[in-house]
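K.L.:
Dropping in work20.txt, which is compact mmCIF, C-alpha atoms:
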```
# COMPACT_ATOMS: atom_id res chain seq x y z
CA MET Z 1 -34.62 78.72 2.63
CA ARG Z 2 -32.49 75.99 1.17
CA GLN Z 3 -32.73 74.10 4.42
CA LEU Z 4 -36.51 74.29 4.34
CA ALA Z 5 -36.59 72.96 0.80
CA LEU Z 6 -34.29 70.14 1.78
CA THR Z 7 -36.45 69.29 4.80
CA LEU Z 8 -39.57 69.35 2.65
CA ALA Z 9 -37.97 67.16 0.02
CA LEU Z 10 -36.80 64.68 2.63
CA THR Z 11 -40.24 64.61 4.25
CA ALA Z 12 -41.87 64.05 0.88
CA LEU Z 13 -39.44 61.22 0.19
CA LEU Z 14 -40.17 59.65 3.55
CA VAL Z 15 -43.94 59.91 3.08
CA ALA Z 16 -43.68 58.42 -0.40
CA ARG Z 17 -41.59 55.59 0.95
CA LEU Z 18 -44.01 54.89 3.79
CA ALA Z 19 -46.94 54.98 1.39
CA SER Z 20 -45.31 52.49 -0.97
CA ALA Z 21 -44.50 50.15 1.89
CA ALA Z 22 -48.14 49.74 2.89
CA PRO Z 23 -48.64 47.68 6.04
CA VAL Z 24 -48.93 43.98 5.27
CA THR Z 25 -52.25 42.69 6.52
CA GLU Z 26 -52.75 39.11 7.64
CA GLU Z 27 -55.65 38.89 5.19
CA THR Z 28 -53.32 39.47 2.25
CA VAL Z 29 -50.86 36.89 3.56
CA THR Z 30 -53.66 34.36 4.08
CA ALA Z 31 -55.16 35.13 0.67
CA ILE Z 32 -51.87 34.31 -1.04
CA ALA Z 33 -51.11 31.36 1.25
CA SER Z 34 -54.50 29.78 0.58
CA GLN Z 35 -53.67 29.56 -3.13
CA LEU Z 36 -50.39 27.77 -2.50
CA ARG Z 37 -49.99 24.09 -1.86
CA CYS Z 38 -48.28 23.20 1.39
CA VAL Z 39 -45.31 21.36 -0.04
CA VAL Z 40 -44.89 18.88 2.79
CA CYS Z 41 -48.60 18.03 3.03
CA GLN Z 42 -51.09 16.50 0.67
CA ASN Z 43 -54.06 18.61 -0.33
CA LEU Z 44 -53.53 21.32 2.26
CA SER Z 45 -52.88 24.95 1.51
CA VAL Z 46 -50.05 26.92 3.05
CA ALA Z 47 -52.73 28.89 4.90
CA ASP Z 48 -54.31 25.79 6.44
CA SER Z 49 -51.26 23.73 7.29
CA PRO Z 50 -49.80 23.88 10.80
CA SER Z 51 -46.46 22.49 9.56
CA GLU Z 52 -43.14 24.20 10.08
CA MET Z 53 -42.57 24.48 6.34
CA ALA Z 54 -45.91 26.21 5.78
CA ARG Z 55 -45.17 28.60 8.63
CA GLN Z 56 -41.86 29.46 7.01
CA MET Z 57 -43.56 29.95 3.66
CA ARG Z 58 -46.10 32.32 5.24
CA GLU Z 59 -43.16 34.21 6.71
CA VAL Z 60 -41.60 34.49 3.24
CA ILE Z 61 -44.92 35.80 1.87
CA ARG Z 62 -45.09 38.40 4.63
CA GLU Z 63 -41.50 39.44 4.09
CA ARG Z 64 -41.87 39.79 0.33
CA LEU Z 65 -45.07 41.82 0.68
CA SER Z 66 -43.49 44.17 3.18
CA ARG Z 67 -40.60 44.61 0.76
CA GLY Z 68 -43.12 46.00 -1.71
CA ASP Z 69 -43.88 42.93 -3.83
CA THR Z 70 -47.40 42.65 -5.23
CA PRO Z 71 -49.39 39.48 -4.39
CA GLU Z 72 -48.88 38.40 -8.02
CA GLN Z 73 -45.12 38.76 -7.67
CA VAL Z 74 -45.14 36.73 -4.45
CA THR Z 75 -47.12 33.93 -6.10
CA ALA Z 76 -44.82 34.10 -9.12
CA TYR Z 77 -41.83 33.60 -6.82
CA PHE Z 78 -43.23 30.32 -5.50
CA VAL Z 79 -44.19 29.15 -8.98
CA ASP Z 80 -40.65 29.98 -10.09
CA LYS Z 81 -39.17 27.77 -7.38
CA TYR Z 82 -41.68 24.92 -7.19
CA GLY Z 83 -43.31 24.98 -10.61
CA GLU Z 84 -47.02 25.34 -11.25
CA TRP Z 85 -47.50 22.32 -9.04
CA VAL Z 86 -47.42 24.68 -6.05
CA LEU Z 87 -50.66 26.34 -7.17
CA LEU Z 88 -53.74 24.63 -5.75
CA ALA Z 89 -55.80 25.68 -8.78
CA PRO Z 90 -54.06 24.97 -12.08
CA ARG Z 91 -53.89 27.96 -14.39
CA PRO Z 92 -56.56 27.85 -17.10
CA ARG Z 93 -54.34 27.48 -20.15
CA GLY Z 94 -52.88 24.79 -22.37
CA PHE Z 95 -53.49 21.22 -21.27
CA ASN Z 96 -54.81 22.54 -17.93
CA LEU Z 97 -57.85 23.92 -19.74
CA LEU Z 98 -59.14 20.35 -19.81
CA VAL Z 99 -59.87 20.30 -16.07
CA TRP Z 100 -61.66 23.62 -16.38
CA VAL Z 101 -63.73 22.68 -19.41
CA LEU Z 102 -64.45 18.96 -18.87
CA PRO Z 103 -66.78 19.30 -15.84
CA PHE Z 104 -68.96 21.79 -17.69
CA ALA Z 105 -68.89 19.70 -20.85
CA GLY Z 106 -69.94 16.70 -18.73
CA LEU Z 107 -72.79 18.68 -17.19
CA LEU Z 108 -73.97 19.74 -20.63
CA VAL Z 109 -73.88 16.19 -22.04
CA GLY Z 110 -75.67 14.93 -18.92
CA ALA Z 111 -78.37 17.55 -19.25
CA VAL Z 112 -78.95 16.65 -22.90
CA VAL Z 113 -79.15 12.92 -22.07
CA ALA Z 114 -81.55 13.58 -19.17
CA LEU Z 115 -83.71 15.86 -21.29
CA ARG Z 116 -83.97 13.30 -24.08
CA ALA Z 117 -84.81 10.52 -21.61
CA ALA Z 118 -87.46 12.68 -19.94
CA LEU Z 119 -89.01 13.49 -23.31
CA ARG Z 120 -89.11 9.82 -24.29
CA TRP Z 121 -90.70 8.73 -20.98
CA THR Z 122 -93.39 11.40 -21.09
CA ARG Z 123 -94.24 10.54 -24.67
CA ARG Z 124 -94.65 6.81 -24.13
CA PRO Z 125 -98.23 6.59 -22.64
CA SER Z 126 -99.82 8.17 -25.71
CA GLU Z 127 -97.89 5.88 -28.00
CA SER Z 128 -98.44 2.60 -26.19
CA PRO Z 129 -101.99 1.74 -27.36
CA GLU Z 130 -100.91 1.77 -30.98
CA ALA Z 131 -97.81 -0.16 -30.09
CA LEU Z 132 -99.94 -3.23 -29.18
CA ALA Z 133 -100.32 -5.70 -31.97
CA PRO Z 134 -103.89 -6.89 -32.72
CA ALA Z 135 -102.97 -10.32 -31.38
CA GLU Z 136 -101.76 -8.86 -28.11
CA ARG Z 137 -104.87 -6.73 -27.77
CA GLU Z 138 -106.99 -9.81 -28.27
CA ARG Z 139 -105.05 -11.62 -25.56
CA VAL Z 140 -105.52 -8.76 -23.09
CA ARG Z 141 -109.25 -8.86 -23.74
CA VAL Z 142 -109.38 -12.59 -23.14
CA GLU Z 143 -107.38 -12.36 -19.93
CA LEU Z 144 -109.56 -9.57 -18.59
CA GLU Z 145 -112.70 -11.57 -19.29
CA ARG Z 146 -111.22 -14.54 -17.49
CA LEU Z 147 -110.48 -12.34 -14.49
CA GLU Z 148 -114.07 -11.17 -14.29
CA GLU Z 149 -115.47 -14.67 -14.27
CA MET K 1 -82.11 2.48 -23.94
CA ARG K 2 -82.25 -0.23 -26.56
CA PRO K 3 -80.91 -3.57 -25.29
CA ARG K 4 -78.16 -3.89 -27.88
CA LYS K 5 -76.56 -0.72 -26.57
CA ARG K 6 -76.52 -1.87 -22.95
CA TRP K 7 -72.90 -2.93 -23.18
CA LEU K 8 -71.92 0.68 -23.70
CA ILE K 9 -72.70 1.50 -20.08
CA PRO K 10 -69.83 -0.42 -18.44
CA LEU K 11 -67.63 0.75 -21.30
CA ALA K 12 -68.13 4.33 -20.20
CA ALA K 13 -66.47 3.52 -16.86
CA LEU K 14 -63.25 2.39 -18.55
CA PRO K 15 -61.67 5.82 -19.11
CA VAL K 16 -62.40 6.76 -15.50
CA LEU K 17 -60.87 3.49 -14.24
CA GLY K 18 -57.88 4.05 -16.48
CA LEU K 19 -57.37 7.55 -15.12
CA LEU K 20 -57.65 6.33 -11.52
CA ALA K 21 -55.26 3.44 -12.17
CA TYR K 22 -52.75 5.92 -13.56
CA GLY K 23 -53.30 8.53 -10.86
CA PHE K 24 -53.02 6.20 -7.89
CA ARG K 25 -49.80 4.62 -9.15
CA THR K 26 -47.87 7.84 -9.58
CA ASP K 27 -46.01 9.21 -6.61
CA PRO K 28 -47.65 12.49 -5.63
CA ARG K 29 -44.30 13.63 -4.27
CA ALA K 30 -42.33 13.06 -7.46
CA ILE K 31 -42.50 16.53 -8.90
CA PRO K 32 -40.01 17.63 -11.53
CA SER K 33 -38.06 20.66 -10.34
CA PRO K 34 -38.11 23.71 -12.59
CA LEU K 35 -34.69 24.65 -11.22
CA VAL K 36 -32.55 22.11 -13.09
CA GLY K 37 -30.54 23.90 -15.77
CA ARG K 38 -30.90 27.25 -14.07
CA ALA K 39 -28.42 29.24 -12.03
CA ALA K 40 -28.42 28.17 -8.38
CA ALA K 41 -29.88 30.77 -6.03
CA PRO K 42 -27.22 32.54 -4.00
CA PHE K 43 -27.17 31.99 -0.26
CA VAL K 44 -25.11 32.86 2.78
CA LEU K 45 -25.22 30.48 5.73
CA THR K 46 -23.26 29.97 8.89
CA THR K 47 -22.05 26.45 9.58
CA PHE K 48 -22.51 24.72 12.92
CA GLU K 49 -18.84 25.49 13.49
CA GLY K 50 -19.57 29.19 13.08
CA LYS K 51 -17.93 29.65 9.68
CA PRO K 52 -19.74 31.64 7.00
CA VAL K 53 -20.36 29.75 3.78
CA SER K 54 -21.82 31.22 0.61
CA LEU K 55 -22.48 29.86 -2.86
CA GLU K 56 -20.49 32.79 -4.22
CA GLY K 57 -17.48 31.64 -2.21
CA LEU K 58 -17.76 28.14 -3.67
CA ARG K 59 -17.87 29.26 -7.30
CA GLY K 60 -15.48 27.26 -9.44
CA GLN K 61 -16.09 24.11 -7.47
CA VAL K 62 -18.67 21.40 -7.96
CA VAL K 63 -21.15 21.75 -5.11
CA VAL K 64 -23.29 18.96 -3.73
CA LEU K 65 -25.96 20.79 -1.76
CA ASN K 66 -27.76 18.35 0.48
CA PHE K 67 -30.87 19.25 2.47
CA TRP K 68 -31.36 17.03 5.50
CA ALA K 69 -32.87 16.82 8.96
CA SER K 70 -32.02 14.73 12.01
CA TRP K 71 -35.58 13.38 12.16
CA CYS K 72 -35.40 12.12 8.59
CA VAL K 73 -35.19 8.40 9.25
CA PRO K 74 -33.85 6.35 7.59
CA ALA K 75 -33.04 8.15 4.32
CA CYS K 76 -30.82 10.89 5.76
CA TYR K 77 -28.95 8.38 7.92
CA GLU K 78 -28.40 6.13 4.90
CA GLU K 79 -27.06 8.82 2.62
CA ALA K 80 -24.85 10.73 5.07
CA PRO K 81 -22.02 8.13 4.92
CA VAL K 82 -22.27 8.18 1.11
CA LEU K 83 -21.90 11.97 1.09
CA GLU K 84 -19.03 11.78 3.56
CA ALA K 85 -17.22 9.20 1.43
CA GLY K 86 -17.85 11.24 -1.72
CA TRP K 87 -16.51 14.38 -0.09
CA ARG K 88 -13.35 12.58 0.99
CA ALA K 89 -12.88 10.97 -2.40
CA TYR K 90 -13.45 14.00 -4.61
CA ARG K 91 -12.53 17.07 -2.56
CA GLU K 92 -9.03 17.10 -4.01
CA ARG K 93 -10.57 17.38 -7.47
CA GLY K 94 -12.75 20.33 -6.54
CA LEU K 95 -15.88 18.95 -4.93
CA VAL K 96 -17.62 20.53 -1.99
CA VAL K 97 -20.37 18.79 -0.09
CA LEU K 98 -22.51 21.20 1.88
CA GLY K 99 -25.25 19.97 4.16
CA VAL K 100 -28.17 22.25 4.95
CA ASP K 101 -30.15 21.26 8.01
CA ILE K 102 -33.79 22.29 7.71
CA GLN K 103 -36.82 22.17 10.02
CA ASP K 104 -34.71 20.90 12.85
CA THR K 105 -33.46 21.77 16.31
CA GLU K 106 -29.81 22.56 16.80
CA PRO K 107 -28.99 19.95 19.51
CA ALA K 108 -30.56 17.15 17.44
CA ALA K 109 -28.72 18.33 14.34
CA ARG K 110 -25.38 18.44 16.18
CA ARG K 111 -25.99 14.90 17.48
CA PHE K 112 -26.67 13.75 13.91
CA ILE K 113 -23.38 15.22 12.65
CA GLN K 114 -21.44 13.76 15.55
CA GLN K 115 -23.10 10.35 15.45
CA LEU K 116 -22.36 9.92 11.74
CA GLY K 117 -18.90 11.47 12.00
CA LEU K 118 -19.48 14.01 9.25
CA THR K 119 -16.52 16.19 8.36
CA PHE K 120 -18.01 18.14 5.44
CA PRO K 121 -19.53 21.54 6.29
CA ASN K 122 -23.09 21.60 7.55
CA ALA K 123 -25.19 24.67 8.22
CA PRO K 124 -28.64 25.22 9.69
CA ASP K 125 -31.32 27.08 7.73
CA PRO K 126 -33.41 28.22 10.70
CA GLN K 127 -35.89 30.35 8.76
CA GLY K 128 -36.15 27.91 5.86
CA ARG K 129 -35.22 30.67 3.41
CA VAL K 130 -32.64 28.66 1.50
CA SER K 131 -34.80 25.55 1.32
CA ILE K 132 -37.73 27.53 -0.10
CA ASP K 133 -35.38 29.26 -2.53
CA TYR K 134 -34.39 25.81 -3.77
CA GLY K 135 -37.98 24.60 -3.98
CA VAL K 136 -37.34 21.92 -1.37
CA TYR K 137 -40.45 20.07 -0.26
CA GLY K 138 -38.98 17.30 1.83
CA VAL K 139 -35.79 15.76 3.11
CA PRO K 140 -33.50 14.50 1.85
CA GLU K 141 -33.11 16.44 -1.36
CA THR K 142 -29.81 16.96 -3.09
CA PHE K 143 -28.75 19.47 -5.73
CA VAL K 144 -25.62 19.10 -7.79
CA ILE K 145 -24.28 22.48 -8.91
CA ASP K 146 -21.54 22.70 -11.54
CA ARG K 147 -18.44 24.89 -11.49
CA ARG K 148 -20.30 27.75 -13.19
CA GLY K 149 -23.05 27.75 -10.56
CA VAL K 150 -25.73 26.00 -12.64
CA ILE K 151 -27.96 23.37 -11.06
CA ARG K 152 -27.38 20.20 -13.05
CA LEU K 153 -29.29 17.64 -11.01
CA LYS K 154 -31.89 17.41 -8.32
CA HIS K 155 -32.22 14.13 -6.50
CA VAL K 156 -35.13 13.40 -4.19
CA GLY K 157 -34.54 10.70 -1.59
CA ALA K 158 -31.35 9.16 -0.29
CA VAL K 159 -28.28 9.60 -2.46
CA THR K 160 -26.47 6.36 -3.24
CA GLU K 161 -22.86 5.88 -4.22
CA PRO K 162 -23.58 5.24 -7.95
CA ILE K 163 -25.94 8.23 -8.15
CA LEU K 164 -23.34 10.51 -6.61
CA ARG K 165 -20.51 9.17 -8.74
CA GLU K 166 -22.42 9.44 -12.00
CA ALA K 167 -23.59 12.96 -11.19
CA VAL K 168 -20.28 14.32 -9.97
CA GLU K 169 -17.59 12.64 -12.12
CA PRO K 170 -18.48 14.36 -15.42
CA LEU K 171 -18.84 17.76 -13.75
CA LEU K 172 -15.44 17.54 -12.12
CA GLY K 173 -13.92 17.27 -15.60
CA GLU K 174 -15.61 20.45 -16.78
CA SER K 175 -13.78 23.75 -16.78
CA THR K 176 -15.04 26.80 -14.96
CA THR K 177 -15.74 28.78 -18.12
```
Let me see the structure of the file written as structure tokens.
P.N.:
Amino acid sequence: MRQLALTLALTALLVARLASAAPVTEETVTAIASQLRCVVCQNLSVADSPSEMARQMREVIRERLSRGDTPEQVTAYFVDKYGEWVLLAPRPRGFNLLVWVLPFAGLLVGAVVALRAALRWTRRPSESPEALAPAERERVRVELERLEE
Amino acid sequence: MRPRKRWLIPLAALPVLGLLAYGFRTDPRAIPSPLVGRAAAPFVLTTFEGKPVSLEGLRGQVVVLNFWASWCVPACYEEAPVLEAGWRAYRERGLVVLGVDIQDTEPAARRFIQQLGLTFPNAPDPQGRVSIDYGVYGVPETFVIDRRGVIRLKHVGAVTEPILREAVEPLLGESTT
């Protein structure tokens, strides 16, 4: 009886251990790698770079995942060693917020400017007759008459 | 737009030009390391001579940890004699120079050591584990670790004699506690 309990307990332990160490899929590795900057390249992610360094970094990602690290923990490891520079997308906080907010602010300002310009241009035809001074109107009439002759 | 405000248009380009002028002048590879001031990551390596070397085993000494590669021309070739001279000059006072060969092949690395007549320990890092642990993104990079195991300096590019002297001298005078 005691032996059975022990066997059961051991089996349960083994199953729990296997479950926690879920198989590491290439998708997860690539997903993490694509967020990291290849440190020996310029503007290439660890997922895209064929370099030796990037290959080694992918290997580290795989190893850490299979050890039970979450993707967040793996990313945090690289940030810890290389600084936030290693992230291809800067985190939206502090001074970094500027790069997240500025494009949208620019779009908004542009839209307002374009809208105002469009309004002004569509309004102009109705305003233009009044905008002519009597002297100018007289000159237009004279010129038109001369054309007809 | 009213004519008297026309001059505002080129003015709007100034901040962009300023930003570009700043951005294109900075070195995209000059990234401050977050590791300076922190405890150096432990490692265990095997030198080309087959001897195990660990950071733990070097505790109490000032460690100059130099990441290099045989294909790193000319910087690694320029600094190797400086490191060799520094190792000879300061080893009596408790300095260890340790070379870590990364992203390299063993025959080429052995030729490098032989060609430059290096006598300080050198070890390969075949999986790149140690170099990633130290946030290395190129060669050469050099870390100066004090007697308590804290990274005190990271130098990117070839180490020169004054750089080495100024980094190492004060640390040699420090006690281990």
K.L.:
Using all atoms listed in the file, find which residues of chain Z lie within 8 Å of chain K and jot them down as a ChimeraX atom specification.
P.N.:
/Z:39-40,52-53,56-57,60,78,80-83,85
K.L.:
Go ahead and save the residues from that selection, with C-alpha atoms, as a compact mmCIF listing (two decimals), in the coordinates of the input.
P.N.:
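The result, written out as out_33.txt:
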```txt
# COMPACT_ATOMS: atom_id res chain seq x y z
CA VAL Z 39 -45.31 21.36 -0.04
CA VAL Z 40 -44.89 18.88 2.79
CA GLU Z 52 -43.14 24.20 10.08
CA MET Z 53 -42.57 24.48 6.34
CA GLN Z 56 -41.86 29.46 7.01
CA MET Z 57 -43.56 29.95 3.66
CA VAL Z 60 -41.60 34.49 3.24
CA PHE Z 78 -43.23 30.32 -5.50
CA ASP Z 80 -40.65 29.98 -10.09
CA LYS Z 81 -39.17 27.77 -7.38
CA TYR Z 82 -41.68 24.92 -7.19
CA GLY Z 83 -43.31 24.98 -10.61
CA TRP Z 85 -47.50 22.32 -9.04
```
K.L.:
Rounded to one decimal place, report the CA of Ala40 in chain K-CA of Val96 in chain K distance in Å.
P.N.:
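Computing the Euclidean distance for CA of Ala40 in chain K and CA of Val96 in chain K yields 14.7 Å.
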K.L.:
Fewer than 4 positions away in the same chain doesn't count, so skip those; otherwise give me all residues within 9 Å of Glu174 in chain K, counting all atoms listed in the file, as an MDAnalysis selection string.
P.N.:
chainID K and resid 146:147 170
K.L.:
Only C-alpha atoms, please: the residues just picked out, written as an mmCIF file, keeping the file's coordinate frame.
P.N.:
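Contents of the output file out_17.cif:
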```cif
data_model
loop_
_atom_site.group_PDB
_atom_site.id
_atom_site.type_symbol
_atom_site.label_atom_id
_atom_site.label_comp_id
_atom_site.auth_asym_id
_atom_site.auth_seq_id
_atom_site.Cartn_x
_atom_site.Cartn_y
_atom_site.Cartn_z
ATOM 1 C CA ASP K 146 -21.540 22.700 -11.540
ATOM 2 C CA ARG K 147 -18.440 24.890 -11.490
ATOM 3 C CA PRO K 170 -18.480 14.360 -15.420
#
```
K.L.:
Could you tell me how far CA of Leu36 in chain Z lies from CA of Arg64 in chain Z, in Å and to one decimal?
P.N.:
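Separating CA of Leu36 in chain Z from CA of Arg64 in chain Z is a distance of 15.0 Å.
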K.L.:
Which is closest to Ile145 in chain K among K:Glu92, K:Glu161, K:Glu56, K:Asp125, if we use all atoms listed in the file?
P.N.:
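Smallest separation from Ile145 in chain K among the options: K:Glu56.
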K.L.:
Using all atoms listed in the file, which residues sit within 12 Å of Glu27 in chain Z once same-chain residues fewer than 6 positions away are excluded, as a JSON list (two decimals) with C-alpha atoms, in the coordinates of the input?
P.N.:
```json
[["chain", "number", "residue", "atom", "x", "y", "z"],
["Z", 33, "ALA", "CA", -51.11, 31.36, 1.25],
["Z", 34, "SER", "CA", -54.50, 29.78, 0.58],
["Z", 47, "ALA", "CA", -52.73, 28.89, 4.90],
["Z", 58, "ARG", "CA", -46.10, 32.32, 5.24],
["Z", 61, "ILE", "CA", -44.92, 35.80, 1.87],
["Z", 62, "ARG", "CA", -45.09, 38.40, 4.63],
["Z", 65, "LEU", "CA", -45.07, 41.82, 0.68],
["Z", 71, "PRO", "CA", -49.39, 39.48, -4.39]]
```
K.L.:
Which one of K:Gln61, K:Pro124, K:Phe43, K:Ala167 sits closest to Glu106 in chain K if you count all atoms listed in the file?
P.N.:
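Nearest candidate to Glu106 in chain K out of K:Gln61, K:Pro124, K:Phe43, K:Ala167: K:Pro124.
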K.L.:
Near Ala39 in chain K, within 9 Å and counting all atoms listed in the file, which residues show up once chain neighbours fewer than 2 positions away are dropped, as number ranges by chain?
P.N.:
K: 35-37, 41-42, 145, 148-151
K.L.:
Enter the distance from CA of Thr26 in chain K to CA of Val159 in chain K, in Å, rounded to one decimal.
P.N.:
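Spanning CA of Thr26 in chain K to CA of Val159 in chain K is a straight-line distance of 20.9 Å.
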K.L.:
Which centre and edge lengths in Å to one decimal define the box along x, y and z that fits every listed atom of range 31-37 of chain Z plus 5 Å per side, as lines of an AutoDock Vina configuration file?
P.N.:
```
center_x = -52.6
center_y = 29.6
center_z = -0.9
size_x = 15.2
size_y = 21.0
size_z = 14.4
```
K.L.:
Quick one: range 50-61 of chain Z from the block, C-alpha atoms, as a JSON list (two decimals), in the first residue's frame.
P.N.:
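Once everything was written out, this is decode19.json:
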```
[["chain", "number", "residue", "atom", "x", "y", "z"],
["Z", 50, "PRO", "CA", 21.62, 35.37, -39.82],
["Z", 51, "SER", "CA", 24.59, 36.42, -37.67],
["Z", 52, "GLU", "CA", 26.35, 34.12, -35.24],
["Z", 53, "MET", "CA", 25.51, 36.39, -32.32],
["Z", 54, "ALA", "CA", 21.79, 36.36, -33.13],
["Z", 55, "ARG", "CA", 21.88, 32.58, -33.46],
["Z", 56, "GLN", "CA", 23.45, 32.35, -30.02],
["Z", 57, "MET", "CA", 20.86, 34.72, -28.61],
["Z", 58, "ARG", "CA", 18.04, 32.59, -30.06],
["Z", 59, "GLU", "CA", 19.69, 29.61, -28.39],
["Z", 60, "VAL", "CA", 19.69, 31.46, -25.06],
["Z", 61, "ILE", "CA", 15.98, 32.28, -25.53]]
```
